[in-house]
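S.K.: Before we start, here is the structure in question, set down as structure tokens.
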Amino acid sequence: MSSKQIILISSIAIFIIAGAVALFFLDPTKHTFFPKCAFHLATGYSCPGCGSSRALFALTHGNVFEAFRLNPGILCLLTMGLTDFGRYIRSTSQARPHYTLFANTWLVIGLVVGMVVYAVLRNLPWMPFTSLAP
């Protein structure tokens with residue numbers, strides 16, 4: 001592993017840890033500097049990302065079920081991102097090329113379709129879809 005790769009991996013890890021520490025101490029519902037969803041402000045509907053900050057806040061406090069209730073999509077993307085980061089570390093330590101998960105066209109298409117379907121379902125006014133809103 002080259003020093004450039006070690007610096008990149010260390011920088012990403014420090015950035016993730018710093019973000020988690022910041023979210024642990026700063027509640028998105030009580031601090032106004034967290035960005036508001038422009039789509040929700042303009043239309044009144046929830047986008048697929050609505051509730052992500054609150055879900056990550058709940059996750060840093062160990063409340064996985066509340067995080068999943070607020071936004072299950074962010075947990076899926078977080079899991080995929082951490083898995084891909086782990087695969088990158090493994091491939092660089094073994095001096096093999098890294099093939100990212102997100103380079104798979106069908107996976108990206110599936111994620112986009114899933115997010116659009118999720119965005120529509122969470123805005124339907126009937127049960128059980130109202131429980132998908134953050």
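Ligands are numbered from 1 in the order shown, residues from 1 within each chain, and chains are lettered A, B, ... in the order they appear in the structure tokens.
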Within 10 Å of Gly49 (chain A), counting only C-alpha atoms, which residues show up once you throw out same-chain ones fewer than 6 positions away? Write them as a list in words, please.
M.R.: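 Contacts, with the query itself left out: Cys37, Phe39, Leu70, Asn71, Pro72, Gly73, Ile74, Met115, Ala119 and Pro134 of chain A.
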S.K.: Tell me which protein, DNA and RNA residues are within 12 Å of Ala22 (chain A), counting only C-alpha atoms, leaving out same-chain ones fewer than 4 positions away, and put them as a list in words.
M.R.: Phe15, Ile16, Ile17, Ala18, Leu26, Asp27, Pro28, His31, Phe34, Ser53, Leu56, Phe57, Thr60 and His61 of chain A
S.K.: With C-alpha atoms kept, could you save the residues just selected as a CSV table (one decimal), in the first residue's frame?
M.R.:
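Output file again_2.csv is given in full below:
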chain,number,residue,atom,x,y,z
A,15,PHE,CA,-14.0,12.5,8.1
A,16,ILE,CA,-16.5,9.7,8.9
A,17,ILE,CA,-15.6,9.7,12.6
A,18,ALA,CA,-15.7,13.5,12.8
A,26,LEU,CA,-25.8,18.2,17.6
A,27,ASP,CA,-29.4,17.2,17.3
A,28,PRO,CA,-30.8,18.2,13.9
A,31,HIS,CA,-30.0,23.3,15.7
A,34,PHE,CA,-28.7,21.9,9.5
A,53,SER,CA,-30.0,13.8,9.4
A,56,LEU,CA,-28.0,9.4,11.4
A,57,PHE,CA,-28.4,11.2,14.8
A,60,THR,CA,-25.1,7.6,16.5
A,61,HIS,CA,-27.1,7.1,19.7
S.K.: For Val116 (chain A), which residue out of A:Met1, A:Cys47, A:Leu8, A:Leu23 is the nearest one, using only C-alpha atoms?
M.R.: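 Selected residue with least distance to Val116 (chain A): A:Cys47.
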S.K.: How far is it from CA of Ile9 (chain A) to CA of Ile89 (chain A), in Å with one decimal?
M.R.: 7.3 Å
S.K.: For each of A:Ala38, A:Ala95, A:Leu75, A:Val112, take the minimum atom-to-atom distance to Arg54 (chain A), counting only C-alpha atoms, then give the residue where this is smallest.
M.R.: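 With only C-alpha atoms as the atom set, the closest residue is A:Leu75.
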S.K.: Fewer than 5 positions away in the same chain doesn't count, so skip those; otherwise give me all residues within 12 Å of Gly81 (chain A), counting only C-alpha atoms, as a list in words.
M.R.: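 Selected residues are Ile12, Ile16, Ile74, Leu75, Cys76, Gly86, Arg87, Tyr88, Thr100, Leu101 and Phe102 of chain A.
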S.K.: How would you write, as a PyMOL selection string, the set of residues in chain A that DSSP gives as helix (DSSP H, G or I)?
M.R.: chain A and resi 3-25+38-43+52-60+64-70+72-93+101-103+105-121+129-132
S.K.: So which one's closest to Ala67 (chain A), A:Ser52, A:Arg122, A:Met80, A:Leu132? Using only C-alpha atoms, please.
M.R.: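 Checking each of A:Ser52, A:Arg122, A:Met80, A:Leu132 against Ala67 (chain A), counting only C-alpha atoms, the winner is A:Ser52.
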